[in-house]
Amino acid sequence: MNTIATTDSKKPNTKQELITANIKLLIEQLEAGHSEALTQYLTAMSRFHTYSFGNVLEIARQMPTATRVAGFWTWKNLGRSVNAGAKGIRILAPIVGVRRKKDIESERDITKQNERVLLGFRNAYVFDISQTSGVELPEMESVIGDPGENIERLTEFLNNKGIAVSYSENIAPALGMSYGGRIALLPGQSKAETFSTLVHEAGHELLHKAERRTATTKTVRETEAEAVAFVVGKAVGLVNGSASADYIQLYKGNASLLAESLEVIQQTASVILAALEPSVADEVTNEELAEVAA
């Protein structure tokens with residue numbers, strides 16, 4: 001009988017357990033000299049920026065080659081079927097319940113009687129498009145070599161957040177500078193270079209304007225901003241190669257710093273990528289920005 005396989009259920013069952021287990025595995029790979037493992041995690045961030053940090057780590061660990069994932073029934077609704085024997089990629093899905101509020105306000109207004117609360121997490125399985133068959137799907141929008149309107153979209157997003165963007169030859173030989181509320185770019189760069197530099201400096205503005213749980217060095221801060229530029233560039237099709245081996249500097253024997261760095265990289269890249277989508281550019285809230293360094 002044809003069946004669809006799933007991964008072993010004896011896996012971490014909470015968000016933090018998920019992150020801890022994956023960071024432990026990544027550290028083991030890095031210490032064994034496998035720096036490409038970090039590239040796989042950053043690449044997964046570029047492909048699955050709407051997923052939580054823990055689930056991005058899980059997808060990257062279980063199937064580094066995955067490009068587009070969805071649940072069994074989502075693929076069905078898209079006209080594709082999961083292949084028999086395909087091994088599901090285990091992630092954690094939130095269990096949300098409704099808690100009835102007992103207070104004077106809820107008694108006066110029936111619409112305020114209940115509130116949605118997170119009760120926990122459950123195992124869920126997604127499958128990569130390579131594990132499915134059926135109707136051809138439209139190609140996901142990508143930009144090769146030309147950032148298109150993304151420079152303007154990101155500039156507008158930053159301006160709306162009170163971060164001014166300008167061009168100045170006085171910053172040479174630097175390609176870009178972040179001043180805390182202001183970004184300066186060196187004129188004369190190609191569009192692709194301008195976009196990459198703008199994302200790097202936007203990363204500084206969003207990554208490092210708040211207090212961090214762990215003390216960071218200038219090298220780590222630069223590496224984090226460059227990693228954000230890699231993730232965003234990969235997502236929009238401007239980066240085709242592997243992440244620089246210099247990203248290994250995110251880990252200097254400090255597991256807590258590595259976990260924190262990867263999480264803020266993922267969250268910051270997600271905020272920037274959301275801002276590049278025309279339909280949601282105006283919906284990225286200050287609360288989302290606050291979560292970057294939470």
# chains A, B, ... in the order shown; residues from 1 in each chain; ligands from 1
$ residues_around --residues "Arg61 in chain A" --least-positions-apart "6" --cutoff "10 Å" --atoms "only C-alpha atoms" --output "ChimeraX atom specification"
/A:22,25-26,37,40-41,44,55,89
$ atom_distance --atom1 "CA of Gly120 in chain A" --atom2 "CA of Lys15 in chain A"
9.1 Å
$ atom_distance --atom1 "CA of Glu169 in chain A" --atom2 "CA of Leu186 in chain A"
5.5 Å
$ residues_around --residues "His204 in chain A" --least-positions-apart "5" --cutoff "8 Å" --atoms "only C-alpha atoms" --output "PDB file with N, CA, C and O atoms, in the first residue's frame"
ATOM      1  N   SER A 178      25.922  53.649   8.224  1.00  0.00           N
ATOM      2  CA  SER A 178      24.722  53.739   9.042  1.00  0.00           C
ATOM      3  C   SER A 178      25.030  54.621  10.245  1.00  0.00           C
ATOM      4  O   SER A 178      26.007  54.378  10.960  1.00  0.00           O
ATOM      5  N   LYS A 209      19.790  48.732  16.851  1.00  0.00           N
ATOM      6  CA  LYS A 209      19.333  49.951  17.516  1.00  0.00           C
ATOM      7  C   LYS A 209      18.774  49.669  18.904  1.00  0.00           C
ATOM      8  O   LYS A 209      18.483  50.589  19.658  1.00  0.00           O
ATOM      9  N   ARG A 221      28.692  42.403  14.484  1.00  0.00           N
ATOM     10  CA  ARG A 221      27.644  43.284  13.957  1.00  0.00           C
ATOM     11  C   ARG A 221      27.762  43.426  12.440  1.00  0.00           C
ATOM     12  O   ARG A 221      26.757  43.417  11.724  1.00  0.00           O
ATOM     13  N   GLU A 222      28.980  43.565  11.938  1.00  0.00           N
ATOM     14  CA  GLU A 222      29.180  43.651  10.496  1.00  0.00           C
ATOM     15  C   GLU A 222      28.783  42.339   9.817  1.00  0.00           C
ATOM     16  O   GLU A 222      28.179  42.332   8.738  1.00  0.00           O
ATOM     17  N   ALA A 225      24.966  42.031   9.634  1.00  0.00           N
ATOM     18  CA  ALA A 225      24.394  42.885   8.590  1.00  0.00           C
ATOM     19  C   ALA A 225      24.659  42.293   7.209  1.00  0.00           C
ATOM     20  O   ALA A 225      23.787  42.322   6.333  1.00  0.00           O
TER      21      ALA A 225
END
$ closest_residue --among "A:Ala192, A:Val82, A:Ile272, A:Ile23" --to "Ser133 in chain A" --atoms "only C-alpha atoms"
A:Val82
$ atom_distance --atom1 "CA of Lys252 in chain A" --atom2 "CA of Ser52 in chain A"
24.8 Å
$ residues_around --residues "Pro64 in chain A" --least-positions-apart "6" --cutoff "12 Å" --atoms "only C-alpha atoms" --output "JSON, numbers by chain"
{"A": [36, 37, 38, 39, 40, 41, 42, 43, 44, 45, 47, 48, 56, 57, 58, 89, 128]}
$ select_by_dssp --residues "range 47-243 of chain A" --states "helix (DSSP H, G or I)" --output "number ranges by chain"
A: 47, 53-62, 72-77, 104-108, 110-112, 129-131, 150-160, 169-171, 191-207, 218-235
$ closest_residue --among "A:Thr155, A:Asn83, A:Thr67, A:Asn123" --to "Leu18 in chain A" --atoms "only C-alpha atoms"
A:Asn123
$ residues_around --residues "Ala172 in chain A" --least-positions-apart "6" --cutoff "12 Å" --atoms "only C-alpha atoms" --output "ChimeraX atom specification"
/A:184-189
$ closest_residue --among "A:Glu205, A:Glu260, A:Glu149, A:Glu224" --to "Lys161 in chain A" --atoms "only C-alpha atoms"
A:Glu205
$ closest_residue --among "A:Phe157, A:Tyr179, A:Trp75, A:Phe53" --to "Val135 in chain A" --atoms "only C-alpha atoms"
A:Trp75
$ closest_residue --among "A:Gly88, A:Gly97, A:Pro173, A:Gly148" --to "Ala124 in chain A" --atoms "only C-alpha atoms"
A:Gly88
$ residues_around --residues "Leu118 in chain A" --least-positions-apart "6" --cutoff "9 Å" --atoms "only C-alpha atoms" --output "PyMOL selection string"
chain A and resi 94-98
$ closest_residue --among "A:Ile129, A:Ala164, A:Leu207, A:Ile183" --to "Thr74 in chain A" --atoms "only C-alpha atoms"
A:Ile129
$ residues_around --residues "Glu156 in chain A" --least-positions-apart "2" --cutoff "12 Å" --atoms "only C-alpha atoms" --output "list in words"
Glu149, Asn150, Ile151, Glu152, Arg153, Leu154, Leu158, Asn159, Asn160, Lys161, Gly162, Ile163, Ala164, Val165, Ser166, Leu198, Ala202, Ile272, Ala275, Leu276, Pro278, Ala281 and Asp282 of chain A
$ select_by_dssp --residues "range 117-175 of chain A" --states "strand (DSSP E)" --output "PyMOL selection string"
chain A and resi 117-128+132-134+164-167
